[in-house]
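Worksheet: the structure to be examined is printed underneath.
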Amino acid sequence: MVKKGVLAMSKQMLTTVERVRNGFQLDSHITVTQLARSTSWRSDLEKFDAMQILDRNQTAAVVLTPDAFRAVMSYIDMIEEELEARQTETLLEAREHMNNWESGQELSRKAKESFLDRQERLRGLLDGDK
């Protein structure tokens, strides 16, 4: 499933995501003070796609170009889809031995019985009958 998602993303988007994932290059950071005092960092941002903003040598923020942001969001969406697919597969595998799938009136009847049974148990707990 990841392969399909990866193929759907352009090669440029994947390259951008990889650059963001691999961290920051030597010149791709700026201090908060420099950020406030000039706009020269904008040309560096276009070159690197992502910049680290430092405050007392600690990362205060990360700035992405719009294209880098879209690439990262697409990548996250793709990973979430893969996770959801794997969770569904795991759930179905865990319940594989359950071959009593029901539907319609039978399912409705059993659901109502379950609710009534739980209602009686909860009422007993509330009334102190345990």
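Residues in the structure tokens are numbered from 1 in each chain, the chains being A, B, ... in the order shown, and ligands are numbered from 1 in the order shown.
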- request: Just list the residues in range 54-124 of chain A DSSP gives alpha helix (DSSP H) on the backbone, as number ranges by chain.
  value: A: 66-94, 104-124
The selected residues should be written to file as a compact mmCIF listing (two decimals), in the first residue's frame (atoms: N, CA and C atoms).
# COMPACT_ATOMS: atom_id res chain seq x y z
N PRO A 66 5.83 26.80 1.10
CA PRO A 66 4.51 26.20 0.85
C PRO A 66 4.60 24.83 0.18
N ASP A 67 5.52 24.68 -0.77
CA ASP A 67 5.67 23.38 -1.45
C ASP A 67 6.16 22.31 -0.49
N ALA A 68 7.10 22.67 0.38
CA ALA A 68 7.60 21.71 1.36
C ALA A 68 6.50 21.33 2.34
N PHE A 69 5.70 22.29 2.74
CA PHE A 69 4.59 22.02 3.65
C PHE A 69 3.60 21.05 3.01
N ARG A 70 3.24 21.29 1.74
CA ARG A 70 2.32 20.40 1.04
C ARG A 70 2.92 18.99 0.90
N ALA A 71 4.22 18.93 0.63
CA ALA A 71 4.88 17.62 0.49
C ALA A 71 4.85 16.86 1.81
N VAL A 72 5.14 17.55 2.90
CA VAL A 72 5.13 16.90 4.21
C VAL A 72 3.71 16.45 4.56
N MET A 73 2.72 17.29 4.31
CA MET A 73 1.34 16.92 4.62
C MET A 73 0.88 15.73 3.76
N SER A 74 1.27 15.70 2.50
CA SER A 74 0.93 14.56 1.64
C SER A 74 1.58 13.28 2.16
N TYR A 75 2.81 13.41 2.60
CA TYR A 75 3.53 12.26 3.14
C TYR A 75 2.85 11.75 4.41
N ILE A 76 2.45 12.65 5.28
CA ILE A 76 1.75 12.27 6.51
C ILE A 76 0.43 11.58 6.17
N ASP A 77 -0.31 12.14 5.21
CA ASP A 77 -1.57 11.51 4.78
C ASP A 77 -1.34 10.09 4.28
N MET A 78 -0.28 9.92 3.50
CA MET A 78 0.04 8.60 2.94
C MET A 78 0.36 7.62 4.07
N ILE A 79 1.15 8.06 5.05
CA ILE A 79 1.51 7.20 6.16
C ILE A 79 0.29 6.86 7.01
N GLU A 80 -0.61 7.82 7.22
CA GLU A 80 -1.83 7.57 7.98
C GLU A 80 -2.71 6.54 7.27
N GLU A 81 -2.81 6.62 5.95
CA GLU A 81 -3.58 5.65 5.19
C GLU A 81 -2.99 4.26 5.34
N GLU A 82 -1.66 4.18 5.29
CA GLU A 82 -0.98 2.89 5.46
C GLU A 82 -1.23 2.34 6.86
N LEU A 83 -1.15 3.18 7.86
CA LEU A 83 -1.40 2.75 9.23
C LEU A 83 -2.83 2.24 9.40
N GLU A 84 -3.78 2.97 8.84
CA GLU A 84 -5.18 2.56 8.93
C GLU A 84 -5.40 1.21 8.24
N ALA A 85 -4.78 1.02 7.09
CA ALA A 85 -4.92 -0.25 6.37
C ALA A 85 -4.33 -1.39 7.19
N ARG A 86 -3.17 -1.16 7.80
CA ARG A 86 -2.54 -2.21 8.62
C ARG A 86 -3.36 -2.50 9.87
N GLN A 87 -3.94 -1.47 10.48
CA GLN A 87 -4.77 -1.69 11.66
C GLN A 87 -6.01 -2.51 11.31
N THR A 88 -6.59 -2.22 10.16
CA THR A 88 -7.77 -2.97 9.71
C THR A 88 -7.40 -4.42 9.44
N GLU A 89 -6.26 -4.64 8.78
CA GLU A 89 -5.81 -6.01 8.53
C GLU A 89 -5.58 -6.75 9.83
N THR A 90 -4.95 -6.10 10.79
CA THR A 90 -4.68 -6.72 12.09
C THR A 90 -5.97 -7.07 12.80
N LEU A 91 -6.93 -6.17 12.75
CA LEU A 91 -8.23 -6.42 13.39
C LEU A 91 -8.93 -7.61 12.75
N LEU A 92 -8.92 -7.65 11.44
CA LEU A 92 -9.56 -8.78 10.74
C LEU A 92 -8.84 -10.09 11.01
N GLU A 93 -7.51 -10.05 11.07
CA GLU A 93 -6.75 -11.26 11.38
C GLU A 93 -7.04 -11.73 12.80
N ALA A 94 -7.16 -10.80 13.74
CA ALA A 94 -7.44 -11.16 15.13
C ALA A 94 -8.82 -11.78 15.27
N GLY A 104 -28.77 -7.95 9.89
CA GLY A 104 -30.22 -7.85 9.83
C GLY A 104 -30.88 -7.99 11.18
N GLN A 105 -32.01 -8.70 11.20
CA GLN A 105 -32.83 -8.85 12.39
C GLN A 105 -32.10 -9.57 13.53
N GLU A 106 -31.32 -10.59 13.19
CA GLU A 106 -30.60 -11.35 14.22
C GLU A 106 -29.59 -10.46 14.94
N LEU A 107 -28.86 -9.66 14.18
CA LEU A 107 -27.90 -8.73 14.78
C LEU A 107 -28.62 -7.70 15.64
N SER A 108 -29.72 -7.18 15.17
CA SER A 108 -30.50 -6.19 15.91
C SER A 108 -31.01 -6.78 17.22
N ARG A 109 -31.52 -8.00 17.17
CA ARG A 109 -32.04 -8.66 18.37
C ARG A 109 -30.94 -8.86 19.42
N LYS A 110 -29.77 -9.35 18.98
CA LYS A 110 -28.67 -9.59 19.91
C LYS A 110 -28.14 -8.28 20.50
N ALA A 111 -28.12 -7.22 19.71
CA ALA A 111 -27.66 -5.92 20.22
C ALA A 111 -28.61 -5.42 21.30
N LYS A 112 -29.91 -5.55 21.08
CA LYS A 112 -30.90 -5.12 22.09
C LYS A 112 -30.76 -5.95 23.36
N GLU A 113 -30.56 -7.25 23.21
CA GLU A 113 -30.37 -8.10 24.38
C GLU A 113 -29.13 -7.69 25.16
N SER A 114 -28.07 -7.37 24.45
CA SER A 114 -26.83 -6.94 25.10
C SER A 114 -27.04 -5.65 25.87
N PHE A 115 -27.74 -4.70 25.29
CA PHE A 115 -28.02 -3.43 25.98
C PHE A 115 -28.86 -3.66 27.23
N LEU A 116 -29.88 -4.51 27.12
CA LEU A 116 -30.73 -4.78 28.28
C LEU A 116 -29.94 -5.48 29.39
N ASP A 117 -29.07 -6.41 29.02
CA ASP A 117 -28.24 -7.11 29.99
C ASP A 117 -27.31 -6.14 30.71
N ARG A 118 -26.69 -5.25 29.97
CA ARG A 118 -25.80 -4.25 30.57
C ARG A 118 -26.58 -3.29 31.46
N GLN A 119 -27.78 -2.95 31.05
CA GLN A 119 -28.61 -2.05 31.85
C GLN A 119 -28.89 -2.67 33.21
N GLU A 120 -29.20 -3.96 33.23
CA GLU A 120 -29.47 -4.64 34.50
C GLU A 120 -28.22 -4.69 35.38
N ARG A 121 -27.05 -4.97 34.79
CA ARG A 121 -25.81 -5.01 35.56
C ARG A 121 -25.48 -3.64 36.14
N LEU A 122 -25.61 -2.60 35.33
CA LEU A 122 -25.34 -1.24 35.82
C LEU A 122 -26.33 -0.84 36.90
N ARG A 123 -27.57 -1.18 36.73
CA ARG A 123 -28.59 -0.85 37.75
C ARG A 123 -28.24 -1.55 39.06
N GLY A 124 -27.78 -2.80 38.98
CA GLY A 124 -27.36 -3.52 40.18
C GLY A 124 -26.18 -2.84 40.88
field: strand (DSSP E) call set, DSSP backbone run, chain A, as a list in words
entry: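 Across chain A, those assigned strand (DSSP E) are His29, Ile30, Thr31, Ala50, Met51, Gln52, Ile53, Leu54, Asp55, Gln58, Thr59, Ala60, Ala61, Val62, Val63 and Leu64 of chain A.
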task: Select, from A:Ser43, A:Ser10, A:Gln52, A:Thr15, the residue with the minimum atom-to-atom distance to Ile30 in chain A, counting only C-alpha atoms.
output: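 Among the listed residues, the smallest separation from Ile30 in chain A belongs to A:Gln52.
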- prompt: Counting only C-alpha atoms, what is within 10 Å of Phe48 in chain A, bar same-chain residues fewer than 3 positions away, as JSON, numbers by chain?
  reply: {"A": [16, 19, 20, 24, 25, 27, 28, 29, 42, 43, 44, 45, 51, 64, 65, 68]}
task: Quick one: pull the distance between CA of Leu35 in chain A and CA of Ile53 in chain A, Å, one decimal.
output: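 Interatomic distance here is 7.9 Å.
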- prompt: Just how far from CA of Thr33 in chain A is CA of Glu46 in chain A, in Å to one decimal?
  reply: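 Here the two named atoms are 19.9 Å from each other.
Taking only C-alpha atoms into account, Ala61 in chain A lies nearest to A:Thr31 out of the set A:Lys47, A:Glu96, A:Ser38, A:Thr31.
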- prompt: In Å, with one decimal, what is the gap from CA of Leu54 in chain A to CA of Glu18 in chain A?
  reply: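 Distance between the two atoms: 21.4 Å.
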